[in-house]
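Undergrad: Hey, dropping final.txt in here, compact mmCIF, C-alpha atoms:
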```txt
# COMPACT_ATOMS: atom_id res chain seq x y z
CA MET G 1 -42.47 -52.91 -19.99
CA SER G 2 -40.22 -55.14 -17.86
CA LEU G 3 -38.24 -57.96 -19.38
CA THR G 4 -40.48 -60.45 -17.57
CA GLY G 5 -43.50 -58.86 -19.22
CA VAL G 6 -41.87 -58.92 -22.66
CA THR G 7 -40.92 -62.60 -22.30
CA LEU G 8 -44.40 -63.46 -21.01
CA ILE G 9 -46.05 -61.75 -23.98
CA LYS G 10 -43.68 -63.59 -26.32
CA ASP G 11 -44.66 -66.91 -24.71
CA LEU G 12 -48.38 -66.11 -24.89
CA ARG G 13 -47.96 -65.17 -28.54
CA LEU G 14 -46.14 -68.45 -29.27
CA GLU G 15 -48.83 -70.43 -27.46
CA TRP G 16 -51.61 -68.56 -29.25
CA ARG G 17 -50.04 -69.52 -32.59
CA SER G 18 -49.11 -73.11 -31.79
CA LYS G 19 -51.71 -73.98 -29.10
CA ASP G 20 -49.37 -76.83 -28.09
CA ALA G 21 -49.83 -76.58 -24.33
CA ILE G 22 -53.51 -75.62 -24.10
CA ASN G 23 -54.73 -78.27 -26.55
CA SER G 24 -52.84 -81.12 -24.92
CA MET G 25 -53.86 -80.02 -21.42
CA LEU G 26 -57.52 -79.67 -22.37
CA PHE G 27 -57.75 -83.07 -24.02
CA PHE G 28 -55.99 -84.72 -21.12
CA ALA G 29 -58.15 -83.09 -18.44
CA LEU G 30 -61.31 -83.77 -20.43
CA LEU G 31 -60.40 -87.45 -20.69
CA VAL G 32 -59.83 -87.64 -16.94
CA VAL G 33 -63.22 -86.03 -16.17
CA VAL G 34 -65.12 -88.27 -18.56
CA ILE G 35 -63.36 -91.50 -17.55
CA PHE G 36 -63.76 -90.78 -13.82
CA SER G 37 -67.43 -89.92 -14.24
CA PHE G 38 -68.05 -93.23 -16.03
CA SER G 39 -65.92 -95.20 -13.55
CA PHE G 40 -67.75 -94.00 -10.43
CA ASP G 41 -71.37 -93.27 -9.73
CA PRO G 42 -71.17 -91.31 -6.49
CA THR G 43 -74.03 -89.72 -4.57
CA ALA G 44 -73.95 -85.93 -4.11
CA GLU G 45 -72.40 -86.36 -0.66
CA GLU G 46 -69.74 -88.81 -1.92
CA SER G 47 -68.97 -86.43 -4.79
CA ARG G 48 -68.21 -83.62 -2.34
CA GLN G 49 -65.83 -85.96 -0.47
CA ILE G 50 -63.84 -87.10 -3.52
CA ALA G 51 -64.12 -84.15 -5.93
CA GLY G 52 -61.25 -82.19 -4.34
CA GLY G 53 -58.87 -85.07 -4.99
CA LEU G 54 -60.17 -85.78 -8.49
CA ILE G 55 -60.03 -82.16 -9.59
CA TRP G 56 -56.50 -81.51 -8.39
CA VAL G 57 -55.10 -84.80 -9.64
CA ALA G 58 -56.58 -84.04 -13.08
CA PHE G 59 -55.11 -80.52 -13.04
CA LEU G 60 -51.74 -81.75 -11.78
CA PHE G 61 -51.38 -84.34 -14.55
CA ALA G 62 -52.64 -81.90 -17.19
CA ALA G 63 -50.25 -79.21 -15.93
CA VAL G 64 -47.29 -81.56 -16.41
CA VAL G 65 -48.16 -81.73 -20.11
CA ALA G 66 -47.97 -77.93 -20.34
CA LEU G 67 -44.84 -77.74 -18.23
CA ASN G 68 -43.01 -80.09 -20.57
CA GLN G 69 -43.98 -77.86 -23.51
CA THR G 70 -42.71 -74.70 -21.81
CA TRP G 71 -39.05 -75.39 -22.29
CA ALA G 72 -39.38 -77.56 -25.38
CA ARG G 73 -39.80 -74.49 -27.57
CA GLU G 74 -36.69 -72.94 -26.01
CA ILE G 75 -34.66 -76.02 -26.90
CA ARG G 76 -35.87 -76.07 -30.50
CA ASN G 77 -33.24 -74.14 -32.52
CA GLN G 78 -31.34 -73.75 -29.20
CA VAL G 79 -33.07 -70.40 -28.61
CA LEU G 80 -32.23 -70.65 -24.93
CA ASP G 81 -28.57 -70.05 -25.82
CA ALA G 82 -29.54 -66.64 -27.22
CA TYR G 83 -30.97 -65.79 -23.80
CA ARG G 84 -27.94 -67.20 -21.99
CA VAL G 85 -25.44 -65.10 -23.94
CA SER G 86 -27.46 -61.93 -23.34
CA PRO G 87 -27.17 -59.75 -20.23
CA ALA G 88 -30.82 -60.50 -19.34
CA PRO G 89 -31.24 -61.88 -15.80
CA ALA G 90 -32.23 -65.52 -15.38
CA ASN G 91 -34.99 -64.61 -12.92
CA SER G 92 -36.89 -62.62 -15.55
CA LEU G 93 -37.04 -65.71 -17.72
CA PHE G 94 -38.15 -67.90 -14.82
CA LEU G 95 -40.88 -65.51 -13.68
CA ALA G 96 -42.16 -65.12 -17.24
CA LYS G 97 -42.26 -68.88 -17.78
CA ALA G 98 -43.94 -69.53 -14.43
CA SER G 99 -46.47 -66.74 -15.08
CA GLY G 100 -47.19 -68.13 -18.55
CA ASN G 101 -47.81 -71.60 -17.13
CA PHE G 102 -49.94 -70.06 -14.39
CA ILE G 103 -52.15 -68.43 -17.02
CA PHE G 104 -52.37 -71.63 -19.10
CA VAL G 105 -53.37 -73.77 -16.11
CA LEU G 106 -55.86 -71.13 -14.91
CA VAL G 107 -57.47 -71.12 -18.35
CA LEU G 108 -57.68 -74.91 -18.15
CA GLU G 109 -59.24 -74.72 -14.68
CA ALA G 110 -61.74 -72.10 -15.81
CA LEU G 111 -62.83 -74.34 -18.68
CA MET G 112 -62.81 -77.64 -16.79
CA THR G 113 -64.36 -76.63 -13.45
CA PRO G 114 -67.89 -76.18 -14.87
CA LEU G 115 -67.60 -79.67 -16.36
CA PHE G 116 -66.59 -81.12 -12.99
CA VAL G 117 -69.56 -79.34 -11.37
CA VAL G 118 -71.96 -80.78 -13.95
CA PHE G 119 -70.53 -84.32 -14.09
CA TYR G 120 -70.32 -84.69 -10.29
CA ASN G 121 -73.35 -82.59 -9.41
CA LEU G 122 -71.25 -80.44 -7.06
CA ARG G 123 -72.50 -77.72 -4.74
CA ALA G 124 -70.32 -76.17 -2.06
CA LEU G 125 -71.72 -76.36 1.47
CA GLY G 126 -68.84 -74.30 2.90
CA PRO G 127 -67.63 -70.77 2.02
CA ALA G 128 -67.40 -70.99 -1.79
CA TRP G 129 -65.59 -67.64 -2.02
CA GLN G 130 -62.48 -69.42 -0.70
CA LEU G 131 -62.33 -71.69 -3.73
CA PRO G 132 -60.75 -69.08 -6.06
CA ILE G 133 -58.10 -68.41 -3.38
CA VAL G 134 -57.29 -72.12 -3.17
CA ALA G 135 -57.22 -72.31 -6.98
CA LEU G 136 -54.83 -69.35 -7.31
CA LEU G 137 -52.46 -70.46 -4.54
CA GLY G 138 -52.61 -74.13 -5.55
CA THR G 139 -52.01 -73.42 -9.21
CA TRP G 140 -49.02 -71.22 -8.42
CA ALA G 141 -47.63 -73.98 -6.18
CA LEU G 142 -47.85 -76.44 -9.09
CA VAL G 143 -46.40 -74.18 -11.78
CA VAL G 144 -43.59 -72.58 -9.81
CA ASN G 145 -42.03 -75.94 -8.96
CA GLY G 146 -43.08 -77.41 -12.29
CA THR G 147 -41.37 -74.64 -14.25
CA PHE G 148 -38.23 -75.04 -12.17
CA PHE G 149 -38.03 -78.81 -12.41
CA ALA G 150 -38.95 -78.77 -16.10
CA ALA G 151 -35.92 -76.53 -16.63
CA MET G 152 -33.81 -78.90 -14.54
CA SER G 153 -34.87 -81.94 -16.55
CA LEU G 154 -34.43 -80.06 -19.83
CA ARG G 155 -31.09 -81.60 -20.70
CA THR G 156 -31.92 -85.10 -19.54
CA ARG G 157 -32.68 -87.80 -22.08
CA SER G 158 -36.18 -88.72 -20.89
CA ARG G 159 -37.39 -85.38 -19.59
CA GLU G 160 -41.09 -86.32 -19.93
CA ILE G 161 -40.51 -88.97 -17.25
CA MET G 162 -38.03 -86.98 -15.21
CA LEU G 163 -40.39 -84.06 -14.62
CA PRO G 164 -43.14 -86.00 -12.79
CA LEU G 165 -40.47 -87.94 -10.88
CA LEU G 166 -38.99 -84.70 -9.58
CA LEU G 167 -42.19 -82.67 -9.31
CA PHE G 168 -44.70 -84.99 -7.67
CA PRO G 169 -42.81 -85.82 -4.46
CA ILE G 170 -41.97 -82.19 -3.77
CA SER G 171 -45.53 -81.09 -4.59
CA LEU G 172 -47.10 -83.53 -2.12
CA PRO G 173 -47.58 -81.00 0.72
CA ALA G 174 -49.14 -78.52 -1.73
CA VAL G 175 -51.40 -81.17 -3.30
CA LEU G 176 -52.49 -82.31 0.16
CA ALA G 177 -53.29 -78.71 1.14
CA MET G 178 -55.21 -78.12 -2.12
CA VAL G 179 -57.25 -81.31 -1.77
CA GLU G 180 -58.00 -80.77 1.92
CA ALA G 181 -58.92 -77.11 1.42
CA THR G 182 -61.19 -77.92 -1.54
CA THR G 183 -62.85 -80.84 0.28
CA SER G 184 -63.44 -78.71 3.38
CA ILE G 185 -65.05 -75.97 1.30
CA LEU G 186 -67.23 -78.44 -0.62
CA THR G 187 -68.38 -80.38 2.45
CA GLY G 188 -68.41 -77.45 4.89
CA GLU G 189 -67.33 -79.87 7.65
CA TYR G 190 -64.21 -78.01 8.78
CA SER G 191 -62.33 -74.77 8.12
CA ALA G 192 -59.99 -74.48 5.14
CA LYS G 193 -58.04 -71.68 6.77
CA PHE G 194 -55.09 -73.81 7.91
CA TRP G 195 -54.66 -75.38 4.49
CA ILE G 196 -54.86 -72.00 2.73
CA VAL G 197 -52.16 -70.58 5.03
CA LEU G 198 -50.06 -73.69 4.40
CA LEU G 199 -50.44 -73.20 0.64
CA ALA G 200 -49.45 -69.53 0.91
CA ALA G 201 -46.37 -70.45 2.97
CA TYR G 202 -45.47 -73.20 0.51
CA ASP G 203 -45.76 -70.74 -2.39
CA LEU G 204 -43.57 -68.20 -0.65
CA VAL G 205 -40.83 -70.67 0.28
CA PHE G 206 -40.66 -72.41 -3.09
CA THR G 207 -40.93 -69.23 -5.17
CA THR G 208 -38.01 -67.76 -3.23
CA GLY G 209 -36.00 -70.99 -3.53
CA CYS G 210 -36.63 -71.29 -7.26
CA LEU G 211 -35.69 -67.66 -7.88
CA LEU G 212 -32.46 -68.08 -5.93
CA LEU G 213 -31.45 -71.27 -7.74
CA PHE G 214 -32.69 -70.70 -11.27
CA ASP G 215 -29.52 -68.99 -12.50
CA ILE G 216 -27.57 -72.17 -11.68
CA VAL G 217 -30.15 -74.35 -13.44
CA LEU G 218 -30.21 -72.13 -16.54
CA ASN G 219 -26.45 -72.11 -16.94
CA ALA G 220 -25.84 -75.75 -16.04
CA GLU G 221 -24.13 -77.73 -18.79
CA MET K 1 -25.68 -47.94 -27.25
CA ASN K 2 -22.11 -49.26 -27.59
CA ALA K 3 -20.25 -47.09 -25.10
CA THR K 4 -16.96 -49.02 -25.10
CA PRO K 5 -14.36 -47.34 -27.33
CA ILE K 6 -13.11 -49.37 -30.26
CA ALA K 7 -9.73 -50.85 -29.45
CA PRO K 8 -6.90 -50.33 -31.96
CA ALA K 9 -6.08 -53.30 -34.16
CA THR K 10 -2.85 -54.26 -32.40
CA THR K 11 -4.48 -54.43 -28.96
CA PRO K 12 -5.20 -57.93 -27.69
CA ILE K 13 -8.96 -58.17 -27.27
CA ILE K 14 -9.08 -61.82 -26.21
CA THR K 15 -6.37 -63.77 -24.44
CA VAL K 16 -6.91 -67.46 -23.90
CA THR K 17 -4.55 -69.29 -21.55
CA ASP K 18 -4.24 -73.06 -21.30
CA LEU K 19 -7.93 -73.52 -22.00
CA VAL K 20 -9.24 -77.03 -21.36
CA LYS K 21 -12.84 -78.10 -21.81
CA GLN K 22 -13.85 -81.63 -20.94
CA PHE K 23 -17.19 -83.30 -21.49
CA GLY K 24 -17.00 -86.28 -19.19
CA ARG K 25 -13.84 -88.10 -20.23
CA PHE K 26 -13.67 -86.41 -23.62
CA ALA K 27 -11.47 -83.33 -23.82
CA ALA K 28 -12.84 -81.06 -26.56
CA LEU K 29 -10.21 -78.38 -25.86
CA ARG K 30 -6.76 -79.51 -24.73
CA GLY K 31 -4.80 -76.53 -23.54
CA VAL K 32 -5.57 -73.78 -26.04
CA SER K 33 -3.44 -70.66 -25.54
CA ALA K 34 -3.73 -67.75 -27.94
CA THR K 35 -4.04 -64.00 -28.22
CA PHE K 36 -6.45 -62.40 -30.63
CA ASN K 37 -6.18 -58.75 -31.59
CA ALA K 38 -8.94 -56.21 -31.99
CA GLY K 39 -10.21 -55.27 -35.42
CA GLN K 40 -9.23 -58.56 -37.05
CA MET K 41 -11.20 -61.30 -38.75
CA TYR K 42 -10.18 -64.81 -37.73
CA ALA K 43 -11.27 -67.88 -39.66
CA ILE K 44 -11.29 -70.91 -37.36
CA LEU K 45 -10.75 -74.04 -39.41
CA GLY K 46 -10.40 -77.72 -38.76
CA ASP K 47 -12.03 -81.10 -39.18
CA ASN K 48 -15.21 -82.10 -37.39
CA GLY K 49 -14.46 -82.64 -33.71
CA ALA K 50 -11.38 -80.39 -33.77
CA GLY K 51 -12.87 -78.18 -31.05
CA LYS K 52 -13.88 -75.13 -33.12
CA THR K 53 -17.46 -74.91 -31.90
CA THR K 54 -16.43 -75.67 -28.33
CA LEU K 55 -13.89 -72.85 -28.47
CA LEU K 56 -16.52 -70.46 -29.79
CA ARG K 57 -19.12 -71.52 -27.21
CA THR K 58 -16.57 -71.15 -24.45
CA LEU K 59 -15.68 -67.65 -25.64
CA ALA K 60 -19.42 -66.86 -25.73
CA GLY K 61 -19.74 -67.97 -22.11
CA LEU K 62 -21.97 -70.93 -22.93
CA ASN K 63 -19.39 -73.51 -21.82
CA ARG K 64 -17.53 -73.13 -18.58
CA PRO K 65 -13.84 -73.97 -19.01
CA THR K 66 -12.66 -77.03 -17.11
CA ARG K 67 -9.29 -75.34 -16.72
CA GLY K 68 -7.56 -72.22 -17.98
CA SER K 69 -8.71 -68.66 -18.36
CA ILE K 70 -10.18 -66.24 -20.85
CA THR K 71 -9.58 -62.50 -20.73
CA MET K 72 -11.96 -60.62 -22.97
CA LEU K 73 -11.92 -56.84 -23.31
CA GLY K 74 -9.71 -56.73 -20.24
CA SER K 75 -12.11 -58.71 -18.07
CA ASN K 76 -11.98 -62.26 -16.77
CA ASN K 77 -15.72 -62.19 -16.19
CA LEU K 78 -17.38 -63.01 -19.52
CA ARG K 79 -20.78 -62.11 -18.11
CA ALA K 80 -19.58 -58.57 -17.51
CA VAL K 81 -18.67 -58.06 -21.17
CA CYS K 82 -21.51 -60.03 -22.78
CA ARG K 83 -23.09 -56.84 -24.14
CA GLN K 84 -20.03 -56.49 -26.37
CA VAL K 85 -20.32 -60.00 -27.80
CA GLY K 86 -22.55 -61.25 -30.60
CA TYR K 87 -23.01 -64.99 -31.03
CA MET K 88 -24.40 -66.89 -33.97
CA ALA K 89 -24.71 -70.65 -33.61
CA HIS K 90 -25.24 -73.41 -36.14
CA PRO K 91 -28.95 -73.62 -35.20
CA SER K 92 -30.79 -70.37 -35.83
CA LEU K 93 -31.50 -69.38 -32.18
CA LEU K 94 -34.82 -68.02 -33.46
CA TYR K 95 -38.45 -68.87 -32.72
CA ASP K 96 -39.95 -70.57 -35.78
CA GLU K 97 -43.48 -69.36 -34.97
CA MET K 98 -42.57 -65.66 -35.02
CA THR K 99 -41.58 -63.38 -37.90
CA GLY K 100 -38.02 -62.17 -38.19
CA MET K 101 -38.98 -58.72 -36.94
CA GLU K 102 -40.89 -60.16 -33.94
CA ASN K 103 -37.88 -62.30 -33.08
CA LEU K 104 -35.52 -59.36 -33.26
CA HIS K 105 -37.85 -57.13 -31.23
CA TYR K 106 -37.77 -59.71 -28.46
CA PHE K 107 -34.01 -60.25 -28.53
CA ALA K 108 -33.42 -56.48 -28.70
CA ARG K 109 -35.21 -56.15 -25.36
CA LEU K 110 -32.78 -58.63 -23.80
CA TYR K 111 -30.10 -56.00 -24.50
CA ASP K 112 -32.32 -53.07 -23.40
CA ILE K 113 -32.59 -51.92 -27.01
CA THR K 114 -35.93 -50.19 -27.49
CA ASP K 115 -35.19 -48.56 -30.85
CA ASP K 116 -37.33 -50.41 -33.43
CA GLN K 117 -35.25 -48.88 -36.18
CA ARG K 118 -32.24 -50.89 -34.99
CA CYS K 119 -34.07 -54.16 -35.73
CA ALA K 120 -35.07 -52.98 -39.19
CA SER K 121 -31.56 -51.77 -39.99
CA VAL K 122 -29.81 -55.05 -39.08
CA ILE K 123 -32.38 -57.02 -41.09
CA THR K 124 -31.73 -54.76 -44.06
CA ALA K 125 -27.97 -55.05 -43.50
CA VAL K 126 -28.11 -58.83 -43.98
CA GLY K 127 -30.13 -58.43 -47.16
CA LEU K 128 -33.59 -59.34 -45.89
CA ASP K 129 -36.84 -57.39 -45.91
CA PRO K 130 -37.87 -56.14 -42.44
CA ASP K 131 -41.54 -56.22 -43.51
CA LEU K 132 -41.48 -59.93 -44.32
CA ALA K 133 -44.63 -61.27 -42.62
CA ARG K 134 -43.77 -64.96 -42.83
CA PRO K 135 -42.78 -66.78 -39.65
CA VAL K 136 -39.12 -67.81 -39.51
CA GLY K 137 -40.18 -71.47 -39.70
CA GLN K 138 -41.21 -70.83 -43.30
CA TYR K 139 -37.92 -69.19 -44.29
CA SER K 140 -35.42 -70.98 -46.50
CA GLN K 141 -32.31 -72.21 -44.70
CA GLY K 142 -30.28 -69.37 -46.20
CA MET K 143 -32.77 -66.72 -45.04
CA ARG K 144 -32.73 -68.25 -41.58
CA GLN K 145 -28.95 -68.02 -41.47
CA ARG K 146 -29.10 -64.35 -42.45
CA MET K 147 -31.76 -63.60 -39.85
CA SER K 148 -29.63 -65.42 -37.32
CA LEU K 149 -26.72 -63.15 -38.27
CA ALA K 150 -29.02 -60.14 -37.90
CA ARG K 151 -29.84 -61.29 -34.37
CA ALA K 152 -26.14 -61.54 -33.54
CA LEU K 153 -25.58 -58.00 -34.85
CA LEU K 154 -28.47 -56.46 -32.88
CA ASN K 155 -26.41 -55.23 -29.95
CA ASP K 156 -23.69 -53.79 -32.21
CA PRO K 157 -21.08 -56.07 -30.61
CA GLN K 158 -17.33 -55.43 -30.60
CA ILE K 159 -16.69 -59.15 -30.84
CA LEU K 160 -18.65 -61.36 -33.20
CA LEU K 161 -18.56 -65.14 -32.80
CA LEU K 162 -20.03 -66.88 -35.83
CA ASP K 163 -20.44 -70.64 -36.07
CA GLU K 164 -20.91 -71.86 -39.64
CA PRO K 165 -22.60 -68.68 -40.91
CA PHE K 166 -22.36 -69.80 -44.55
CA SER K 167 -23.76 -73.31 -44.23
CA ASN K 168 -26.71 -73.82 -46.60
CA VAL K 169 -26.29 -70.29 -47.94
CA ASP K 170 -25.91 -69.92 -51.71
CA LEU K 171 -22.54 -68.70 -52.95
CA ARG K 172 -23.70 -65.20 -53.93
CA SER K 173 -25.40 -64.61 -50.57
CA ALA K 174 -22.38 -66.03 -48.74
CA ARG K 175 -20.08 -63.60 -50.57
CA GLU K 176 -22.44 -60.74 -49.64
CA MET K 177 -22.22 -61.87 -46.01
CA VAL K 178 -18.42 -61.89 -46.24
CA LEU K 179 -18.48 -58.34 -47.64
CA LEU K 180 -20.67 -57.23 -44.73
CA LEU K 181 -18.33 -58.90 -42.23
CA GLY K 182 -15.35 -57.27 -43.95
CA LYS K 183 -16.96 -53.84 -43.53
CA MET K 184 -17.61 -54.56 -39.89
CA ARG K 185 -14.02 -55.63 -39.38
CA ASP K 186 -12.87 -52.40 -41.07
CA ASN K 187 -15.02 -50.53 -38.54
CA GLY K 188 -13.01 -52.09 -35.72
CA LYS K 189 -15.04 -55.20 -34.90
CA THR K 190 -13.25 -58.43 -34.10
CA ILE K 191 -14.80 -61.36 -35.90
CA PHE K 192 -14.36 -65.09 -35.42
CA VAL K 193 -15.81 -67.30 -38.13
CA VAL K 194 -15.93 -71.06 -37.72
CA THR K 195 -16.39 -72.47 -41.17
CA HIS K 196 -15.77 -75.39 -43.49
CA GLN K 197 -15.94 -72.99 -46.45
CA ALA K 198 -12.73 -71.14 -45.71
CA PHE K 199 -12.20 -70.27 -49.39
CA LEU K 200 -14.99 -67.71 -48.97
CA LEU K 201 -12.84 -65.82 -46.49
CA GLU K 202 -9.74 -65.75 -48.68
CA GLY K 203 -8.71 -62.11 -48.90
CA ALA K 204 -11.15 -61.14 -46.17
CA ALA K 205 -9.87 -62.89 -43.04
CA ASN K 206 -6.70 -61.58 -41.45
CA GLU K 207 -5.78 -64.95 -40.02
CA PHE K 208 -6.64 -68.57 -40.60
CA VAL K 209 -6.48 -70.46 -37.32
CA TRP K 210 -6.28 -74.23 -37.70
CA MET K 211 -7.43 -76.52 -34.93
CA GLU K 212 -6.79 -80.24 -34.49
CA GLU K 213 -7.80 -82.46 -31.59
CA GLY K 214 -8.67 -79.56 -29.32
CA LYS K 215 -5.54 -77.51 -29.99
CA ILE K 216 -4.54 -74.64 -32.24
CA VAL K 217 -1.94 -76.15 -34.54
CA SER K 218 -1.39 -73.35 -37.01
CA ARG K 219 -2.06 -69.65 -37.59
CA THR K 220 -1.46 -68.27 -41.06
CA SER K 221 -2.26 -65.01 -42.82
CA HIS K 222 -3.16 -66.81 -46.04
CA TYR K 223 -5.56 -69.63 -46.73
CA SER K 224 -4.34 -73.10 -47.55
CA PRO K 225 -6.54 -76.20 -47.62
CA THR K 226 -4.45 -77.84 -44.86
CA PRO K 227 -2.76 -76.50 -41.73
CA GLY K 228 0.41 -74.63 -42.74
CA GLU K 229 3.11 -73.19 -40.57
CA LYS K 230 3.07 -73.85 -36.84
CA PRO K 231 2.07 -70.96 -34.56
```
Starting from the file, give its structure as structure tokens.

TA:
Amino acid sequence: MSLTGVTLIKDLRLEWRSKDAINSMLFFALLVVVIFSFSFDPTAEESRQIAGGLIWVAFLFAAVVALNQTWAREIRNQVLDAYRVSPAPANSLFLAKASGNFIFVLVLEALMTPLFVVFYNLRALGPAWQLPIVALLGTWALVVNGTFFAAMSLRTRSREIMLPLLLFPISLPAVLAMVEATTSILTGEYSAKFWIVLLAAYDLVFTTGCLLLFDIVLNAE
Amino acid sequence: MNATPIAPATTPIITVTDLVKQFGRFAALRGVSATFNAGQMYAILGDNGAGKTTLLRTLAGLNRPTRGSITMLGSNNLRAVCRQVGYMAHPSLLYDEMTGMENLHYFARLYDITDDQRCASVITAVGLDPDLARPVGQYSQGMRQRMSLARALLNDPQILLLDEPFSNVDLRSAREMVLLLGKMRDNGKTIFVVTHQAFLLEGAANEFVWMEEGKIVSRTSHYSPTPGEKP
């Protein structure tokens, strides 16, 4: 198995035992769903218009909770230093961390989406088969940058605040594409194709950028 | 696994020239120059803030020198020789949620070591049971230190950098660790031990290197509670 695979399995094992990331994400996302559903009383049509935004904002905020946890366990006991002194490439660590976060956020989405559907009485009028594509591309867009910026803010004093400050502005194009694509699929009023292509391009550019720069971030003092 | 031939004891294995490490305005290392020979055990001593840990971390490649150079195993590129270096820090560098064996399995893979037996043998070498099912978080501090040493030994390094390996370890276990390090030194390994319990290394270390205010101020072949002759 590749080093990325070994590190990913290690992270999944740690999460399975501690449940730090999943529990905090689930509670956070659940709170958002419940509070929003009590705050608004939209009609079915209004729900289709706003659900894309609500869903992705909830997932974005919940993902930040998980992203902060990702590197926290590497800082405890300074385990990251053991990786840094080894000949293992930095990219393997980055890909494993991003993949781990991808899985955690997908699990969250799989658990929370049915709740959104029930609470907002959602039914897609457009091509619903595109929704999983948007979810996969959108989630990767969030976690790839999130993993990178969480590593960058690792050594800062208030990293819980630093991460959203760094992540949200740079994620704006991706969030816009996710929301627009989801809304278009739910309402069926226009094609989501452009937004899906934009998301794919965003993923490609930022994954490449993060992979190229991660070695510098990992070994920064 | 360790393809590099063991260098004879009189061969310089590490040469440090005018090494300076600054953290902002604070200079932790202020022009350290020294040569360390292969197959020797060096005890690095000094008060808190003398620069011992910074020197060790810089040799491990964790701190980039502000100025000066390090030649290790004939290379100026520490990354190129990192397979030959074992590093043990004051914190354990282990995952609390995993067992010792699980930790070592993971770290072994970072060095392309796939032989499970290697993990078991280093755990046994430090006096722990490889079958211990408890997560490291439930170990005593002394057990954690030993497991941390086992992790540093995994890749059978030529150079071993140990930061406070005896802290919180009972005297008997610490003496056992010293015996193990002595055997490794006799097998040609070069060992650096940063410690405040230098008396443990009396008779085992070849040199006691005293540091003060970011400089090496004394190197002696015998232990004395204060810096002795000048280098």

Undergrad: Which is closest to Gly51 in chain K among K:Pro157, K:Gly39, K:Gly31, K:Pro165, if we use all atoms listed in the file?

TA: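 Comparing K:Pro157, K:Gly39, K:Gly31, K:Pro165 against Gly51 in chain K, the winner is K:Gly31.
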
Undergrad: Counting all atoms listed in the file, write as a ChimeraX atom specification all protein and nucleic acid residues lying at most 10 Å from (-32.3, -66.7, -20.4) in the file's frame.

TA: /G:7,74,79-94,214-215,218-219 /K:110

Undergrad: Quick one: of K:Gly86, K:Pro65, K:Gly127, K:Pro91, who's nearest to chain G, counting all atoms listed in the file?

TA: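 The shortest atom-to-atom distance to chain G comes from K:Pro91.
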
Undergrad: Taking all atoms listed in the file into account, find every residue of chain K that has an atom no more than 8 Å from chain G, and write it out as an MDAnalysis selection string.

TA: chainID K and resid 60:63 79 82:83 87 91:95 97:98 106:107 109:111

Undergrad: Can you pull out every residue within 9 Å of Gly138 in chain G, counting all atoms listed in the file, but drop anything in the same chain fewer than 6 positions away, and send it as a ChimeraX atom specification?

TA: /G:56,174-175,177-178,196,199-200,203

Undergrad: Rank K:Phe199, K:Leu161, K:Ala205, K:Thr35 by their smallest atom-to-atom distance to Pro225 in chain K, using only C-alpha atoms, and report the top residue only.

TA: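 Result for the nearest residue to Pro225 in chain K: K:Phe199.
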
Undergrad: Could you tell me how far CA of Ser171 in chain G sits from CA of Ser158 in chain G, in Å to one decimal place?

TA: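 Spanning CA of Ser158 in chain G to CA of Ser171 in chain G is a straight-line distance of 20.3 Å.
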
Undergrad: If you measure from CA of Asn103 in chain K to CA of Leu162 in chain K, what distance in Å do you get, rounded to one decimal?

TA: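 Computed distance, CA of Asn103 in chain K to CA of Leu162 in chain K, equals 18.6 Å.
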
Undergrad: From the set G:Ala181, G:Asn121, G:Lys97, G:Ile103, which residue has the shortest atom-to-atom contact distance to Val197 in chain G, counting all atoms listed in the file?

TA: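 The answer is G:Ala181, which sits nearest to Val197 in chain G.
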
Undergrad: Please list as a list in words every residue within 10 Å of range 21-25 of chain G, counting all atoms listed in the file and excluding residues in the same chain fewer than 4 positions away.

TA: Glu15, Trp16, Ala29, Leu30, Leu31, Ala58, Phe59, Phe61, Ala62, Ala63, Val64, Val65, Ala66, Leu67, Asn68, Gln69, Thr70, Asn101, Phe104, Val105, Val107 and Leu108 of chain G

Undergrad: Can you write range 31-37 of chain K from the block above with N, CA and C atoms, as a short mmCIF file (atom, residue, chain, number, x, y, z; two decimals), in the first residue's frame?

TA:
```cif
data_model
loop_
_atom_site.label_atom_id
_atom_site.label_comp_id
_atom_site.auth_asym_id
_atom_site.auth_seq_id
_atom_site.Cartn_x
_atom_site.Cartn_y
_atom_site.Cartn_z
N GLY K 31 26.95 30.76 16.88
CA GLY K 31 28.25 30.44 16.28
C GLY K 31 28.86 29.17 16.82
N VAL K 32 28.12 28.07 16.74
CA VAL K 32 28.63 26.79 17.22
C VAL K 32 29.48 26.16 16.11
N SER K 33 30.72 25.82 16.44
CA SER K 33 31.59 25.10 15.51
C SER K 33 32.14 23.89 16.26
N ALA K 34 31.99 22.72 15.66
CA ALA K 34 32.47 21.51 16.34
C ALA K 34 32.53 20.36 15.34
N THR K 35 33.36 19.39 15.67
CA THR K 35 33.41 18.16 14.88
C THR K 35 33.10 16.99 15.81
N PHE K 36 32.25 16.12 15.35
CA PHE K 36 31.87 14.96 16.15
C PHE K 36 32.24 13.70 15.37
N ASN K 37 32.91 12.78 16.06
CA ASN K 37 33.39 11.58 15.39
C ASN K 37 32.38 10.44 15.44
#
```
